[in-house]
Amino acid sequence: MHDFKYKKNELFCENTRISTIAQQVGTPFYLYSYKTLIDHLTKIKKAFVEIDPLICFAVKSNGNMAVIKALANKGAGCDIVSGGELKKALKLKVSPKKIVFASVGKKEEAIALAIKSGILLFNVESVPELEVINAFAKKADKKVQVAIRINPDVEAATHHFITTGTLKNKFGIDLQSTRDLLRRQKAYSHIEINGLHIHIGSQIVNSTPFINAIKKVVGFVNDLRQEGIEIKYFDIGGGLGIIYKDEKPQTAEDFAQNIIPYLKKTGLKIIMEPGRFIAGNAGIFVTKVLYLKDNGFKKFLIVDGGMNDLIRPSLYNAYHDILPVKKTSSKKITVDVVGPVCESGDYFGKERALPKMVRGDLLAVMSAGAYGYVMSSNYNARPRVAEVMVKGNKFAIINEREKFNELIKRERIPDFLK
Ligand code: LLP
């Protein structure tokens, strides 16, 4: 569900005409609906109300500070993966007690800052990492809480680039090693191993792998209890799939109904880390047609946005719906929608049926609110695009379009080239 809808053949975001934004902001740009973001957060909250989990928005999916702020204002915490994301959350005054930190490669500076600011949990992914956190905690004279990210070794039916919960992947620690760690946790003087964490992959549309992983952990928690080892938190990660095309993902309610019985039995405080579920369909990418090219074999709509702005189709062969911002005619032609970047992989959609469009017409690449802007780059010396948020009939630029001067401001010509 989202709030990008046609009114009289023109695409609106909530009550704001998208073409008006394009006129004022220029193209391309990302556009987020405040209402959709909050609706998605509320859906999860409501579905899980019975166990009142801490919902930590996966900042990696959309790191815009206005987006984080909007969600934090409604009670969300943050799931972060780097010092940069931590600094954003702290700058926005997200309570450190609502911040969880996962990453297989936490850097020392980020670990030190996270300890200093008193985050809720480090989700630890290896023994050497645990040792470094312990050493830093000792230096800071603090006791820190960690959860062990378990690799439950379950297959999640999703793109192999975004499946994370099998032993073929770099993530987490296997169950046996986790058990060993918990048994000898006293060896880590400044750490309290107080939780377990899983995240088995992303864009998972079927609850079965989630349920299997959760059941495994619940069984494990029971085994630990029998040994007298108690923990407090169970972070079940993110990964809920959304509709890009014709997927039929579990709803938040289905998901909740399936897993609450298991979660409740543990008596643990539950943490969730949704990213895509909240941001994915709350954002679109708006781009302008530059040229229509017909080589006699195929027709191409060449647009001003490229793979550097939205890389999901190129990287994962991901499907994003593409809609005309103004429906000009009902007659459709089949086109490939491609960007200006010098790579054949630079496309948004292939063989799409779209009304005949002319130079200057606008297209909306849908479901682009998660893993869109955050994965953009400056490839081909293309400045990063603007980000805009709509609330009702108002819109605001929440990230300015990058300027050429900003693009080159850290580059230097060394003396030996002068
Ligand atoms: N928690 C952890 C530990 C994660 O690694 C991730 C995502 C999430 C939560 C949030 O997952 P979500 O609810 O958004 O599925 N760039 C890829 C997705 C990579 C996901 C990485 N981890 C894409 O565009 O599909």
# chains A, B, ... in the order shown; residues from 1 in each chain; ligands from 1
call {"tool": "residues_near_ligand", "arguments": {"ligand": "ligand 1", "cutoff": "6 Å", "atoms": "only C-alpha atoms and all ligand atoms", "output": "ChimeraX atom specification"}}
result
/A:58,61,102,162,199,202-203,237-240,273-277,312,371
call {"tool": "select_by_dssp", "arguments": {"residues": "segment 98-292 of chain A", "states": "strand (DSSP E)", "output": "PyMOL selection string"}}
result
chain A and resi 99-102+121-124+144-149+191-197+233-235+269-272+283-292
call {"tool": "closest_residue", "arguments": {"among": "A:Gly75, A:Gly306, A:Gly241, A:Pro249", "to": "Gly280 of chain A", "atoms": "only C-alpha atoms"}}
result
A:Gly241
call {"tool": "residues_around", "arguments": {"residues": "Thr27 of chain A", "least_positions_apart": "4", "cutoff": "7 Å", "atoms": "only C-alpha atoms", "output": "ChimeraX atom specification"}}
result
/A:22,286-288
call {"tool": "write_last_selection", "arguments": {"atoms": "C-alpha atoms", "output": "PDB file, in the first residue's frame"}}
result
ATOM      1  CA  ALA A  22       9.595  18.306 -10.714  1.00  0.00           C
ATOM      2  CA  VAL A 286      11.217  10.523 -10.692  1.00  0.00           C
ATOM      3  CA  THR A 287      13.082  10.899 -13.938  1.00  0.00           C
ATOM      4  CA  LYS A 288      12.598  12.797 -17.202  1.00  0.00           C
TER       5      LYS A 288
END
call {"tool": "residues_around", "arguments": {"residues": "Ile260 of chain A", "least_positions_apart": "6", "cutoff": "9 Å", "atoms": "only C-alpha atoms", "output": "ChimeraX atom specification"}}
result
/A:48,50-51
call {"tool": "residues_around", "arguments": {"residues": "Ala137 of chain A", "least_positions_apart": "5", "cutoff": "7 Å", "atoms": "only C-alpha atoms", "output": "list in words"}}
result
Ile115, Lys142, Lys143, Val144 and His190 of chain A
call {"tool": "residues_around", "arguments": {"residues": "Val25 of chain A", "least_positions_apart": "4", "cutoff": "12 Å", "atoms": "only C-alpha atoms", "output": "compact mmCIF listing (two decimals) with N, CA, C and O atoms, in the first residue's frame"}}
result
# COMPACT_ATOMS: atom_id res chain seq x y z
N ILE A 18 2.97 15.52 -8.62
CA ILE A 18 4.40 15.23 -8.77
C ILE A 18 5.05 16.13 -9.82
O ILE A 18 6.19 16.57 -9.68
N SER A 19 4.29 16.48 -10.87
CA SER A 19 4.88 17.33 -11.91
C SER A 19 5.23 18.72 -11.35
O SER A 19 6.19 19.34 -11.79
N THR A 20 4.46 19.18 -10.38
CA THR A 20 4.76 20.49 -9.77
C THR A 20 6.09 20.42 -9.03
O THR A 20 6.90 21.35 -9.09
N ILE A 21 6.31 19.31 -8.33
CA ILE A 21 7.58 19.17 -7.61
C ILE A 21 8.72 19.16 -8.61
O ILE A 21 9.74 19.84 -8.44
N PHE A 29 14.86 12.96 -9.14
CA PHE A 29 14.84 13.08 -7.68
C PHE A 29 14.09 11.89 -7.07
O PHE A 29 13.30 11.23 -7.74
N TYR A 30 14.41 11.64 -5.81
CA TYR A 30 13.65 10.66 -5.03
C TYR A 30 12.54 11.40 -4.31
O TYR A 30 12.73 12.54 -3.85
N LEU A 31 11.40 10.75 -4.20
CA LEU A 31 10.25 11.37 -3.55
C LEU A 31 9.66 10.39 -2.54
O LEU A 31 9.36 9.25 -2.88
N VAL A 286 11.84 9.80 -9.58
CA VAL A 286 11.22 10.52 -10.69
C VAL A 286 12.30 10.95 -11.68
O VAL A 286 13.30 11.56 -11.29
N THR A 287 12.08 10.62 -12.92
CA THR A 287 13.08 10.90 -13.94
C THR A 287 12.40 11.44 -15.20
O THR A 287 11.20 11.23 -15.39
N VAL A 385 21.36 12.91 -6.75
CA VAL A 385 20.08 13.60 -7.01
C VAL A 385 19.49 14.15 -5.71
O VAL A 385 19.98 13.84 -4.62
N ALA A 386 18.44 14.93 -5.84
CA ALA A 386 17.76 15.49 -4.66
C ALA A 386 16.80 14.46 -4.06
O ALA A 386 16.39 13.51 -4.74
N GLU A 387 16.48 14.64 -2.79
CA GLU A 387 15.44 13.84 -2.14
C GLU A 387 14.38 14.82 -1.60
O GLU A 387 14.73 15.88 -1.05
N VAL A 388 13.13 14.42 -1.77
CA VAL A 388 12.02 15.30 -1.42
C VAL A 388 11.02 14.50 -0.58
O VAL A 388 10.82 13.30 -0.83
N MET A 389 10.41 15.16 0.39
CA MET A 389 9.35 14.48 1.16
C MET A 389 8.05 15.26 1.04
O MET A 389 8.05 16.49 1.12
N PHE A 395 5.41 19.95 0.23
CA PHE A 395 6.61 19.15 0.00
C PHE A 395 7.84 19.92 0.43
O PHE A 395 7.82 21.16 0.50
N ALA A 396 8.89 19.20 0.76
CA ALA A 396 10.13 19.85 1.18
C ALA A 396 11.32 19.08 0.63
O ALA A 396 11.29 17.84 0.57
N ILE A 397 12.33 19.82 0.20
CA ILE A 397 13.58 19.16 -0.21
C ILE A 397 14.27 18.70 1.06
O ILE A 397 14.52 19.51 1.96
N ILE A 398 14.53 17.41 1.16
CA ILE A 398 15.16 16.90 2.39
C ILE A 398 16.62 16.51 2.15
O ILE A 398 17.29 16.05 3.05
N ASN A 399 17.05 16.69 0.92
CA ASN A 399 18.47 16.52 0.59
C ASN A 399 18.68 17.22 -0.73
O ASN A 399 18.05 16.86 -1.74
N GLU A 400 19.52 18.23 -0.72
CA GLU A 400 19.68 19.00 -1.95
C GLU A 400 20.45 18.24 -3.01
O GLU A 400 21.32 17.44 -2.69
N ARG A 401 20.13 18.58 -4.25
CA ARG A 401 20.88 17.99 -5.36
C ARG A 401 22.35 18.39 -5.21
O ARG A 401 22.66 19.53 -4.89
call {"tool": "residues_around", "arguments": {"residues": "Ile148 of chain A", "least_positions_apart": "3", "cutoff": "6 Å", "atoms": "only C-alpha atoms", "output": "ChimeraX atom specification"}}
result
/A:123-124,196-197
call {"tool": "decode", "arguments": {"residues": "segment 78-103 of chain A", "atoms": "N, CA and C atoms", "output": "PDB file, in the first residue's frame"}}
result
ATOM      1  N   CYS A  78      16.681   2.746  15.868  1.00  0.00           N
ATOM      2  CA  CYS A  78      17.487   2.573  14.656  1.00  0.00           C
ATOM      3  C   CYS A  78      18.341   1.317  14.721  1.00  0.00           C
ATOM      4  N   ASP A  79      18.333   0.600  13.606  1.00  0.00           N
ATOM      5  CA  ASP A  79      19.290  -0.487  13.400  1.00  0.00           C
ATOM      6  C   ASP A  79      20.371   0.107  12.523  1.00  0.00           C
ATOM      7  N   ILE A  80      21.591   0.171  13.048  1.00  0.00           N
ATOM      8  CA  ILE A  80      22.669   0.833  12.305  1.00  0.00           C
ATOM      9  C   ILE A  80      23.779  -0.165  11.972  1.00  0.00           C
ATOM     10  N   VAL A  81      24.597   0.210  10.982  1.00  0.00           N
ATOM     11  CA  VAL A  81      25.681  -0.691  10.566  1.00  0.00           C
ATOM     12  C   VAL A  81      27.025   0.014  10.440  1.00  0.00           C
ATOM     13  N   SER A  82      27.077   1.274  10.840  1.00  0.00           N
ATOM     14  CA  SER A  82      28.345   1.985  10.674  1.00  0.00           C
ATOM     15  C   SER A  82      28.394   3.177  11.610  1.00  0.00           C
ATOM     16  N   GLY A  83      29.595   3.747  11.739  1.00  0.00           N
ATOM     17  CA  GLY A  83      29.746   4.957  12.536  1.00  0.00           C
ATOM     18  C   GLY A  83      28.921   6.094  11.941  1.00  0.00           C
ATOM     19  N   GLY A  84      28.855   6.151  10.632  1.00  0.00           N
ATOM     20  CA  GLY A  84      28.091   7.218   9.972  1.00  0.00           C
ATOM     21  C   GLY A  84      26.619   7.143  10.337  1.00  0.00           C
ATOM     22  N   GLU A  85      26.057   5.944  10.267  1.00  0.00           N
ATOM     23  CA  GLU A  85      24.634   5.802  10.627  1.00  0.00           C
ATOM     24  C   GLU A  85      24.422   6.107  12.111  1.00  0.00           C
ATOM     25  N   LEU A  86      25.389   5.701  12.940  1.00  0.00           N
ATOM     26  CA  LEU A  86      25.276   5.987  14.372  1.00  0.00           C
ATOM     27  C   LEU A  86      25.261   7.494  14.605  1.00  0.00           C
ATOM     28  N   LYS A  87      26.177   8.196  13.922  1.00  0.00           N
ATOM     29  CA  LYS A  87      26.252   9.653  14.104  1.00  0.00           C
ATOM     30  C   LYS A  87      24.968  10.331  13.649  1.00  0.00           C
ATOM     31  N   LYS A  88      24.383   9.829  12.561  1.00  0.00           N
ATOM     32  CA  LYS A  88      23.105  10.407  12.105  1.00  0.00           C
ATOM     33  C   LYS A  88      22.048  10.236  13.182  1.00  0.00           C
ATOM     34  N   ALA A  89      21.943   9.017  13.705  1.00  0.00           N
ATOM     35  CA  ALA A  89      20.906   8.734  14.713  1.00  0.00           C
ATOM     36  C   ALA A  89      21.115   9.594  15.956  1.00  0.00           C
ATOM     37  N   LEU A  90      22.384   9.720  16.382  1.00  0.00           N
ATOM     38  CA  LEU A  90      22.659  10.501  17.591  1.00  0.00           C
ATOM     39  C   LEU A  90      22.371  11.982  17.359  1.00  0.00           C
ATOM     40  N   LYS A  91      22.713  12.448  16.162  1.00  0.00           N
ATOM     41  CA  LYS A  91      22.456  13.859  15.823  1.00  0.00           C
ATOM     42  C   LYS A  91      20.953  14.150  15.887  1.00  0.00           C
ATOM     43  N   LEU A  92      20.178  13.158  15.544  1.00  0.00           N
ATOM     44  CA  LEU A  92      18.716  13.342  15.557  1.00  0.00           C
ATOM     45  C   LEU A  92      18.130  13.093  16.943  1.00  0.00           C
ATOM     46  N   LYS A  93      19.003  12.813  17.889  1.00  0.00           N
ATOM     47  CA  LYS A  93      18.592  12.567  19.269  1.00  0.00           C
ATOM     48  C   LYS A  93      17.709  11.327  19.421  1.00  0.00           C
ATOM     49  N   VAL A  94      17.967  10.347  18.556  1.00  0.00           N
ATOM     50  CA  VAL A  94      17.331   9.046  18.769  1.00  0.00           C
ATOM     51  C   VAL A  94      17.934   8.499  20.063  1.00  0.00           C
ATOM     52  N   SER A  95      17.099   7.998  20.956  1.00  0.00           N
ATOM     53  CA  SER A  95      17.629   7.512  22.226  1.00  0.00           C
ATOM     54  C   SER A  95      18.605   6.364  21.976  1.00  0.00           C
ATOM     55  N   PRO A  96      19.823   6.442  22.544  1.00  0.00           N
ATOM     56  CA  PRO A  96      20.778   5.342  22.366  1.00  0.00           C
ATOM     57  C   PRO A  96      20.188   4.014  22.834  1.00  0.00           C
ATOM     58  N   LYS A  97      19.244   4.085  23.733  1.00  0.00           N
ATOM     59  CA  LYS A  97      18.618   2.853  24.239  1.00  0.00           C
ATOM     60  C   LYS A  97      17.693   2.217  23.196  1.00  0.00           C
ATOM     61  N   LYS A  98      17.571   2.904  22.051  1.00  0.00           N
ATOM     62  CA  LYS A  98      16.794   2.326  20.943  1.00  0.00           C
ATOM     63  C   LYS A  98      17.686   2.080  19.734  1.00  0.00           C
ATOM     64  N   ILE A  99      18.995   1.966  19.972  1.00  0.00           N
ATOM     65  CA  ILE A  99      19.900   1.751  18.835  1.00  0.00           C
ATOM     66  C   ILE A  99      20.585   0.389  18.953  1.00  0.00           C
ATOM     67  N   VAL A 100      20.507  -0.384  17.879  1.00  0.00           N
ATOM     68  CA  VAL A 100      21.225  -1.665  17.823  1.00  0.00           C
ATOM     69  C   VAL A 100      22.195  -1.612  16.653  1.00  0.00           C
ATOM     70  N   PHE A 101      23.336  -2.244  16.816  1.00  0.00           N
ATOM     71  CA  PHE A 101      24.444  -2.077  15.883  1.00  0.00           C
ATOM     72  C   PHE A 101      24.885  -3.446  15.350  1.00  0.00           C
ATOM     73  N   ALA A 102      24.584  -3.704  14.082  1.00  0.00           N
ATOM     74  CA  ALA A 102      25.037  -4.947  13.441  1.00  0.00           C
ATOM     75  C   ALA A 102      26.038  -4.594  12.351  1.00  0.00           C
ATOM     76  N   SER A 103      26.898  -5.519  12.011  1.00  0.00           N
ATOM     77  CA  SER A 103      27.836  -5.380  10.891  1.00  0.00           C
ATOM     78  C   SER A 103      28.926  -6.410  11.120  1.00  0.00           C
TER      79      SER A 103
END
